>>> print(open('entry_2.cif').read())   # mmCIF, C-alpha atoms
data_protein
#
loop_
_atom_site.group_PDB
_atom_site.id
_atom_site.type_symbol
_atom_site.label_atom_id
_atom_site.label_comp_id
_atom_site.auth_asym_id
_atom_site.auth_seq_id
_atom_site.Cartn_x
_atom_site.Cartn_y
_atom_site.Cartn_z
ATOM 1 C CA MET A 1 290.822 245.761 202.778
ATOM 2 C CA ASP A 2 289.142 242.375 202.373
ATOM 3 C CA LYS A 3 288.620 240.237 199.273
ATOM 4 C CA GLU A 4 285.540 242.243 198.304
ATOM 5 C CA PHE A 5 287.826 245.179 197.622
ATOM 6 C CA GLU A 6 290.772 245.133 195.256
ATOM 7 C CA TYR A 7 293.850 247.333 195.460
ATOM 8 C CA LYS A 8 296.845 247.308 193.135
ATOM 9 C CA PHE A 9 299.915 249.495 193.080
ATOM 10 C CA ILE A 10 302.571 250.137 190.417
ATOM 11 C CA LYS A 11 305.690 252.248 190.785
ATOM 12 C CA PRO A 12 306.336 254.661 187.897
ATOM 13 C CA HIS A 13 309.011 254.375 185.244
ATOM 14 C CA LYS A 14 312.316 255.807 186.507
ATOM 15 C CA SER A 15 311.987 258.778 184.147
ATOM 16 C CA LEU A 16 308.972 259.930 186.192
ATOM 17 C CA ASP A 17 310.561 259.562 189.639
ATOM 18 C CA ASP A 18 310.663 263.295 190.372
ATOM 19 C CA PHE A 19 307.002 263.792 189.529
ATOM 20 C CA VAL A 20 304.961 260.604 190.063
ATOM 21 C CA GLU A 21 304.862 258.550 193.234
ATOM 22 C CA SER A 22 302.652 255.728 191.990
ATOM 23 C CA PHE A 23 299.817 254.442 189.852
ATOM 24 C CA TRP A 24 297.143 252.508 191.726
ATOM 25 C CA LEU A 25 293.634 251.157 191.477
ATOM 26 C CA LEU A 26 290.867 250.571 193.979
ATOM 27 C CA LYS A 27 287.746 248.555 193.175
ATOM 28 C CA ASN A 28 284.619 247.795 195.181
ATOM 29 C CA HIS A 29 283.336 244.532 193.725
ATOM 30 C CA THR A 30 280.248 244.467 195.943
ATOM 31 C CA ASP A 31 276.730 245.800 195.447
ATOM 32 C CA ASN A 32 277.061 247.852 198.635
ATOM 33 C CA SER A 33 278.745 251.172 199.259
ATOM 34 C CA LYS A 34 281.317 251.478 202.051
ATOM 35 C CA ASP A 35 281.760 254.514 204.288
ATOM 36 C CA ILE A 36 285.419 255.340 204.797
ATOM 37 C CA VAL A 37 287.615 258.046 206.300
ATOM 38 C CA ILE A 38 290.441 259.094 204.000
ATOM 39 C CA LEU A 39 293.549 260.225 205.865
ATOM 40 C CA PRO A 40 296.035 262.830 204.574
ATOM 41 C CA ASP A 41 299.138 261.405 202.896
ATOM 42 C CA GLY A 42 300.764 264.394 201.194
ATOM 43 C CA ARG A 43 300.022 263.487 197.574
ATOM 44 C CA ILE A 44 298.200 265.125 194.666
ATOM 45 C CA ASP A 45 295.817 262.589 193.142
ATOM 46 C CA LEU A 46 294.347 262.443 189.660
ATOM 47 C CA PHE A 47 291.318 260.111 189.756
ATOM 48 C CA PHE A 48 289.730 258.338 186.777
ATOM 49 C CA SER A 49 286.530 256.793 188.163
ATOM 50 C CA GLN A 50 283.122 255.295 187.557
ATOM 51 C CA SER A 51 280.594 253.217 189.492
ATOM 52 C CA ALA A 52 277.168 251.638 189.231
ATOM 53 C CA THR A 53 275.608 255.037 189.885
ATOM 54 C CA GLU A 54 278.214 257.449 188.503
ATOM 55 C CA PRO A 55 279.407 257.786 184.910
ATOM 56 C CA PHE A 56 283.082 258.035 184.039
ATOM 57 C CA HIS A 57 284.638 261.176 185.473
ATOM 58 C CA ILE A 58 288.078 262.646 186.150
ATOM 59 C CA THR A 59 288.940 264.653 189.250
ATOM 60 C CA LEU A 60 292.071 266.330 190.559
ATOM 61 C CA SER A 61 292.412 266.287 194.337
ATOM 62 C CA GLY A 62 294.666 268.719 196.200
ATOM 63 C CA LEU A 63 296.444 268.194 199.486
ATOM 64 C CA GLU A 64 294.391 267.007 202.449
ATOM 65 C CA THR A 65 295.022 268.464 205.892
ATOM 66 C CA ARG A 66 292.245 266.688 207.789
ATOM 67 C CA PRO A 67 290.336 263.385 207.713
ATOM 68 C CA ASP A 68 287.772 263.273 204.916
ATOM 69 C CA GLN A 69 284.496 261.373 205.238
ATOM 70 C CA ALA A 70 283.812 259.613 201.932
ATOM 71 C CA THR A 71 281.883 256.739 200.399
ATOM 72 C CA LEU A 72 283.333 254.026 198.207
ATOM 73 C CA ALA A 73 280.401 253.491 195.861
ATOM 74 C CA ALA A 74 279.021 250.075 194.930
ATOM 75 C CA LYS A 75 280.604 248.458 191.859
ATOM 76 C CA SER A 76 283.096 251.281 191.664
ATOM 77 C CA VAL A 77 286.483 251.396 190.040
ATOM 78 C CA MET A 78 289.110 254.105 190.258
ATOM 79 C CA PHE A 79 292.460 254.290 188.527
ATOM 80 C CA VAL A 80 294.689 256.920 190.083
ATOM 81 C CA ILE A 81 297.924 258.759 189.375
ATOM 82 C CA SER A 82 299.504 260.009 192.607
ATOM 83 C CA PHE A 83 301.805 262.943 191.986
ATOM 84 C CA LYS A 84 304.619 264.394 193.992
ATOM 85 C CA LEU A 85 304.368 268.132 194.583
ATOM 86 C CA LEU A 86 306.919 269.099 191.924
ATOM 87 C CA ALA A 87 304.486 267.783 189.302
ATOM 88 C CA THR A 88 302.123 270.697 189.873
ATOM 89 C CA GLU A 89 304.630 273.049 188.328
ATOM 90 C CA TYR A 90 305.900 270.927 185.446
ATOM 91 C CA ILE A 91 303.220 268.325 184.640
ATOM 92 C CA ILE A 92 299.903 269.697 185.895
ATOM 93 C CA GLN A 93 301.283 273.182 185.216
ATOM 94 C CA GLY A 94 299.304 275.209 187.708
ATOM 95 C CA THR A 95 298.917 276.045 191.362
ATOM 96 C CA ILE A 96 296.683 273.858 193.516
ATOM 97 C CA SER A 97 296.310 276.160 196.502
ATOM 98 C CA ASP A 98 292.578 276.460 195.783
ATOM 99 C CA LEU A 99 292.288 272.654 195.991
ATOM 100 C CA LEU A 100 293.405 272.396 199.607
ATOM 101 C CA ASP A 101 291.013 269.851 201.192
ATOM 102 C CA ASN A 102 289.089 269.929 197.927
ATOM 103 C CA ALA A 103 288.926 268.527 194.389
ATOM 104 C CA ASN A 104 287.931 269.731 190.925
ATOM 105 C CA TYR A 105 286.244 267.911 188.079
ATOM 106 C CA LEU A 106 288.295 267.950 184.889
ATOM 107 C CA PRO A 107 286.994 267.495 181.319
ATOM 108 C CA SER A 108 285.919 263.874 180.764
ATOM 109 C CA ASP A 109 288.418 263.572 177.898
ATOM 110 C CA PHE A 110 291.350 264.999 179.875
ATOM 111 C CA TRP A 111 294.680 263.743 178.460
ATOM 112 C CA GLY A 112 292.695 261.667 175.969
ATOM 113 C CA PHE A 113 291.327 259.208 178.546
ATOM 114 C CA SER A 114 287.846 257.671 178.503
ATOM 115 C CA ALA A 115 285.809 254.988 180.268
ATOM 116 C CA ASP A 116 287.411 252.358 178.017
ATOM 117 C CA ASP A 117 290.741 253.002 179.751
ATOM 118 C CA LEU A 118 289.317 251.585 183.000
ATOM 119 C CA LYS A 119 289.167 248.103 181.485
ATOM 120 C CA ASP A 120 292.888 247.319 181.797
ATOM 121 C CA PHE A 121 295.062 248.790 184.536
ATOM 122 C CA ASP A 122 298.390 247.881 182.902
ATOM 123 C CA LEU A 123 297.404 249.559 179.645
ATOM 124 C CA PHE A 124 296.157 252.574 181.611
ATOM 125 C CA CYS A 125 299.553 252.889 183.281
ATOM 126 C CA GLN A 126 301.332 252.616 179.943
ATOM 127 C CA LYS A 127 299.139 255.323 178.416
ATOM 128 C CA ALA A 128 299.532 257.597 181.435
ATOM 129 C CA THR A 129 303.307 257.088 181.436
ATOM 130 C CA GLN A 130 303.567 258.032 177.761
ATOM 131 C CA LYS A 131 301.444 261.134 178.305
ATOM 132 C CA ILE A 132 303.451 262.310 181.311
ATOM 133 C CA GLN A 133 306.744 261.596 179.537
ATOM 134 C CA SER A 134 305.573 263.866 176.711
ATOM 135 C CA LEU A 135 305.138 266.656 179.273
ATOM 136 C CA LEU A 136 308.492 266.241 181.017
ATOM 137 C CA PRO A 137 310.488 269.483 181.101
ATOM 138 C CA LYS A 138 313.914 269.746 179.532
ATOM 139 C CA GLU A 139 315.221 271.013 182.857
ATOM 140 C CA THR A 140 313.921 271.697 186.349
ATOM 141 C CA ASP A 141 314.841 274.121 189.107
ATOM 142 C CA ASN A 142 317.644 272.261 190.890
ATOM 143 C CA ARG A 143 316.933 274.054 194.145
ATOM 144 C CA LYS A 144 313.310 272.900 194.204
ATOM 145 C CA GLN A 145 314.241 269.391 193.114
ATOM 146 C CA LYS A 146 316.758 269.081 195.944
ATOM 147 C CA LEU A 147 314.238 270.501 198.425
ATOM 148 C CA PHE A 148 311.649 267.861 197.565
ATOM 149 C CA ASP A 149 314.251 265.080 197.532
ATOM 150 C CA LEU A 150 315.160 265.981 201.106
ATOM 151 C CA ILE A 151 311.538 266.345 202.236
ATOM 152 C CA TYR A 152 310.526 262.934 200.880
ATOM 153 C CA SER A 153 313.664 261.023 201.826
ATOM 154 C CA SER A 154 313.407 262.244 205.435
ATOM 155 C CA ASN A 155 309.636 261.592 205.666
ATOM 156 C CA GLY A 156 309.207 265.231 206.653
ATOM 157 C CA GLU A 157 311.553 264.950 209.657
ATOM 158 C CA MET A 158 313.965 267.709 208.629
ATOM 159 C CA THR A 159 313.142 271.119 210.075
ATOM 160 C CA VAL A 160 312.386 274.111 207.866
ATOM 161 C CA LYS A 161 315.690 275.621 209.001
ATOM 162 C CA GLU A 162 317.617 272.482 208.025
ATOM 163 C CA LEU A 163 315.935 272.314 204.643
ATOM 164 C CA SER A 164 316.583 276.003 204.015
ATOM 165 C CA GLU A 165 320.274 275.652 204.828
ATOM 166 C CA ASN A 166 320.656 272.584 202.608
ATOM 167 C CA VAL A 167 319.111 274.135 199.506
ATOM 168 C CA PHE A 168 320.340 277.725 200.056
ATOM 169 C CA TRP A 169 316.828 279.116 199.897
ATOM 170 C CA SER A 170 315.442 281.268 202.696
ATOM 171 C CA SER A 171 312.717 279.879 204.949
ATOM 172 C CA ARG A 172 310.510 282.862 204.094
ATOM 173 C CA GLN A 173 310.841 282.248 200.350
ATOM 174 C CA ILE A 174 310.170 278.518 200.733
ATOM 175 C CA ASN A 175 307.044 279.130 202.778
ATOM 176 C CA ARG A 176 305.824 281.738 200.304
ATOM 177 C CA TYR A 177 306.314 279.191 197.513
ATOM 178 C CA PHE A 178 304.440 276.490 199.440
ATOM 179 C CA ASN A 179 301.541 278.703 200.443
ATOM 180 C CA GLN A 180 301.097 280.212 196.996
ATOM 181 C CA ARG A 181 301.396 276.952 195.069
ATOM 182 C CA PHE A 182 299.969 274.358 197.472
ATOM 183 C CA GLY A 183 297.942 276.381 200.001
ATOM 184 C CA ILE A 184 299.948 275.079 202.948
ATOM 185 C CA SER A 185 303.176 275.919 204.791
ATOM 186 C CA LEU A 186 306.255 273.719 204.500
ATOM 187 C CA LYS A 187 306.060 272.899 208.219
ATOM 188 C CA ALA A 188 302.449 271.761 207.894
ATOM 189 C CA TYR A 189 303.312 269.627 204.871
ATOM 190 C CA CYS A 190 306.196 267.961 206.717
ATOM 191 C CA SER A 191 303.780 267.170 209.563
ATOM 192 C CA ILE A 192 301.570 265.309 207.096
ATOM 193 C CA LEU A 193 304.518 263.244 205.858
ATOM 194 C CA ARG A 194 305.518 262.397 209.437
ATOM 195 C CA PHE A 195 301.946 261.279 210.115
ATOM 196 C CA ARG A 196 301.959 259.204 206.950
ATOM 197 C CA ALA A 197 305.135 257.435 208.054
ATOM 198 C CA SER A 198 303.649 256.943 211.532
ATOM 199 C CA PHE A 199 300.455 255.343 210.206
ATOM 200 C CA GLY A 200 302.271 252.119 209.375
ATOM 201 C CA HIS A 201 303.820 252.044 212.843
ATOM 202 C CA ILE A 202 300.418 252.596 214.459
ATOM 203 C CA LYS A 203 298.899 249.766 212.420
ATOM 204 C CA ALA A 204 301.702 247.538 213.715
ATOM 205 C CA GLY A 205 300.773 248.425 217.300
ATOM 206 C CA LYS A 206 303.516 250.972 217.995
ATOM 207 C CA LEU A 207 301.539 253.672 219.801
ATOM 208 C CA SER A 208 304.503 255.778 220.873
ATOM 209 C CA PRO A 209 306.229 258.160 218.440
ATOM 210 C CA GLN A 210 308.707 256.569 216.039
ATOM 211 C CA GLN A 211 309.234 259.826 214.117
ATOM 212 C CA SER A 212 310.655 263.159 215.311
ATOM 213 C CA PHE A 213 307.719 264.263 217.454
ATOM 214 C CA ALA A 214 308.633 266.317 220.528
ATOM 215 C CA ASP A 215 307.027 263.842 222.926
ATOM 216 C CA GLN A 216 304.077 261.475 223.382
ATOM 217 C CA SER A 217 301.644 264.355 223.915
ATOM 218 C CA HIS A 218 302.723 266.027 220.667
ATOM 219 C CA PHE A 219 302.440 262.718 218.835
ATOM 220 C CA ILE A 220 298.865 262.129 220.062
ATOM 221 C CA LYS A 221 297.909 265.719 219.231
ATOM 222 C CA GLU A 222 299.202 265.423 215.651
ATOM 223 C CA VAL A 223 297.513 262.049 215.110
ATOM 224 C CA ARG A 224 294.200 263.445 216.385
ATOM 225 C CA LYS A 225 294.561 266.500 214.154
ATOM 226 C CA LEU A 226 295.138 264.489 210.989
ATOM 227 C CA SER A 227 292.945 261.451 211.673
ATOM 228 C CA GLY A 228 290.321 262.742 214.076
ATOM 229 C CA VAL A 229 291.004 259.964 216.587
ATOM 230 C CA SER A 230 293.665 258.816 219.049
ATOM 231 C CA PRO A 231 296.516 256.486 217.996
ATOM 232 C CA LYS A 232 294.812 253.684 219.959
ATOM 233 C CA GLU A 233 291.532 254.037 218.039
ATOM 234 C CA LEU A 234 293.397 254.384 214.764
ATOM 235 C CA LYS A 235 295.211 251.132 215.512
ATOM 236 C CA ARG A 236 291.873 249.407 216.166
ATOM 237 C CA ASN A 237 290.514 250.729 212.837
ATOM 238 C CA GLN A 238 287.141 249.053 213.235
ATOM 239 C CA ASN A 239 285.665 247.797 209.939
ATOM 240 C CA ASP A 240 288.719 249.102 208.041
ATOM 241 C CA ARG A 241 287.117 252.521 208.234
ATOM 242 C CA PHE A 242 290.315 254.561 208.123
ATOM 243 C CA ILE A 243 292.179 254.484 204.820
ATOM 244 C CA GLN A 244 295.431 256.076 203.824
ATOM 245 C CA PHE A 245 295.719 255.250 200.152
ATOM 246 C CA SER A 246 299.517 255.365 200.138
ATOM 247 C CA THR A 247 299.737 252.666 202.846
ATOM 248 C CA LEU A 248 297.136 250.205 201.571
ATOM 249 C CA PRO A 249 298.520 246.676 201.136
ATOM 250 C CA SER A 250 298.707 245.680 197.475
ATOM 251 C CA LYS A 251 297.268 242.295 196.466
#
>>> encode(input="entry_2.cif", output="structure tokens")
Amino acid sequence: MDKEFEYKFIKPHKSLDDFVESFWLLKNHTDNSKDIVILPDGRIDLFFSQSATEPFHITLSGLETRPDQATLAAKSVMFVISFKLLATEYIIQGTISDLLDNANYLPSDFWGFSADDLKDFDLFCQKATQKIQSLLPKETDNRKQKLFDLIYSSNGEMTVKELSENVFWSSRQINRYFNQRFGISLKAYCSILRFRASFGHIKAGKLSPQQSFADQSHFIKEVRKLSGVSPKELKRNQNDRFIQFSTLPSK
């Protein structure tokens, strides 16, 4: 992203570690829209946005399993809360299987936010933190918490069998949970996290697999599936067209 676009990133308060990955903003300061391709990164995003042509609105985006053609509108600003999957059960309090590769508009006063909250990112983060802290459960399912800890810490490189054995939860039950709540299998979700970890390597010019892909052919196949292009073209990233929000450099 060049100086015409602004990106900032803030890690959540430690009390939110199990549920929130980050708070971040993206602004287009120019009078021109920019066509982009958003790549899957395994997060659930709550967007608070407005632009020169769109009034303030709030959307909840589910998991992405394919590259998404989008437009970053002129004079646009978005403040975003990126959730980990466990948040759907305890913070968002609902399944998101119907939001796979999709998003829903939420009420414009959701959680008490308004257009005025887009004026100061630090204050937005403070307000969002307080709201989420008020929703924190007294206790969580230890089995699920351990499962997600292992998934994230390994960047999706542990097999379903390994995860099942570590959390004492059958593979069938885990996959049923994933499909019913998120609309995707555990194996498919781990593939997204491996791709996310690989994106940084590809940007650095490492076009051979650095993660646990079976071989070069498998690596290329997975990159094409999730980005629509080969690792070589993704590395080139002409005009900064491909964006993975979780790997944008903060300024």
>>> closest_residue(input="entry_2.cif", among="A:Thr88, A:Ser108, A:Gln173, A:Gln50", to="Leu26 (chain A)", atoms="all atoms listed in the file")
A:Gln50
>>> resolve_selection(input="entry_2.cif", expression="the PyMOL selection byres ((chain A and resi 19) around 8)", output="VMD selection string")
chain A and resid 16 to 18 20 to 21 83 to 87 91
>>> resolve_selection(input="entry_2.cif", expression="the PyMOL selection byres ((chain A and resi 181-190) around 7)", output="number ranges by chain")
A: 42, 95-98, 100, 156-157, 160, 175, 177-180, 191-194
>>> resolve_selection(input="entry_2.cif", expression="the PyMOL selection byres ((chain A and resi 37) around 7)", output="PyMOL selection string")
chain A and resi 36+38-39+67-70+241-243
>>> write_last_selection(input="entry_2.cif", atoms="C-alpha atoms", output="PDB file, in the frame of the given file")
ATOM      1  CA  ILE A  36     285.419 255.340 204.797  1.00  0.00           C
ATOM      2  CA  ILE A  38     290.441 259.094 204.000  1.00  0.00           C
ATOM      3  CA  LEU A  39     293.549 260.225 205.865  1.00  0.00           C
ATOM      4  CA  PRO A  67     290.336 263.385 207.713  1.00  0.00           C
ATOM      5  CA  ASP A  68     287.772 263.273 204.916  1.00  0.00           C
ATOM      6  CA  GLN A  69     284.496 261.373 205.238  1.00  0.00           C
ATOM      7  CA  ALA A  70     283.812 259.613 201.932  1.00  0.00           C
ATOM      8  CA  ARG A 241     287.117 252.521 208.234  1.00  0.00           C
ATOM      9  CA  PHE A 242     290.315 254.561 208.123  1.00  0.00           C
ATOM     10  CA  ILE A 243     292.179 254.484 204.820  1.00  0.00           C
TER      11      ILE A 243
END
>>> residues_around(input="entry_2.cif", residues="region 136-147 of chain A", least_positions_apart="6", cutoff="7 Å", atoms="all atoms listed in the file", output="PDB file with C-alpha atoms, in the coordinates of the input")
ATOM      1  CA  TYR A  90     305.900 270.927 185.446  1.00  0.00           C
ATOM      2  CA  ILE A  91     303.220 268.325 184.640  1.00  0.00           C
ATOM      3  CA  LEU A 163     315.935 272.314 204.643  1.00  0.00           C
ATOM      4  CA  VAL A 167     319.111 274.135 199.506  1.00  0.00           C
TER       5      VAL A 167
END
>>> residues_around(input="entry_2.cif", residues="Gln126 (chain A)", least_positions_apart="6", cutoff="12 Å", atoms="only C-alpha atoms", output="ChimeraX atom specification")
/A:10-13,23,81,117,120,132-133
>>> residues_around(input="entry_2.cif", residues="Asp31 (chain A)", least_positions_apart="2", cutoff="7 Å", atoms="only C-alpha atoms", output="PyMOL selection string")
chain A and resi 29+33+74-75
>>> closest_residue(input="entry_2.cif", among="A:Gly62, A:Pro231, A:Gly94, A:Pro55", to="Asp41 (chain A)", atoms="all atoms listed in the file")
A:Gly62
>>> atom_distance(input="entry_2.cif", atom1="CA of Ile202 (chain A)", atom2="CA of Lys235 (chain A)")
5.5 Å
>>> residues_around(input="entry_2.cif", residues="Thr59 (chain A)", least_positions_apart="3", cutoff="9 Å", atoms="all atoms listed in the file", output="ChimeraX atom specification")
/A:45-49,103-107
>>> write_last_selection(input="entry_2.cif", atoms="C-alpha atoms", output="CSV table (one decimal), in the coordinates of the input")
chain,number,residue,atom,x,y,z
A,45,ASP,CA,295.8,262.6,193.1
A,46,LEU,CA,294.3,262.4,189.7
A,47,PHE,CA,291.3,260.1,189.8
A,48,PHE,CA,289.7,258.3,186.8
A,49,SER,CA,286.5,256.8,188.2
A,103,ALA,CA,288.9,268.5,194.4
A,104,ASN,CA,287.9,269.7,190.9
A,105,TYR,CA,286.2,267.9,188.1
A,106,LEU,CA,288.3,268.0,184.9
A,107,PRO,CA,287.0,267.5,181.3
>>> atom_distance(input="entry_2.cif", atom1="CA of Thr65 (chain A)", atom2="CA of Leu226 (chain A)")
6.5 Å
>>> atom_distance(input="entry_2.cif", atom1="CA of Arg236 (chain A)", atom2="CA of Arg196 (chain A)")
16.8 Å
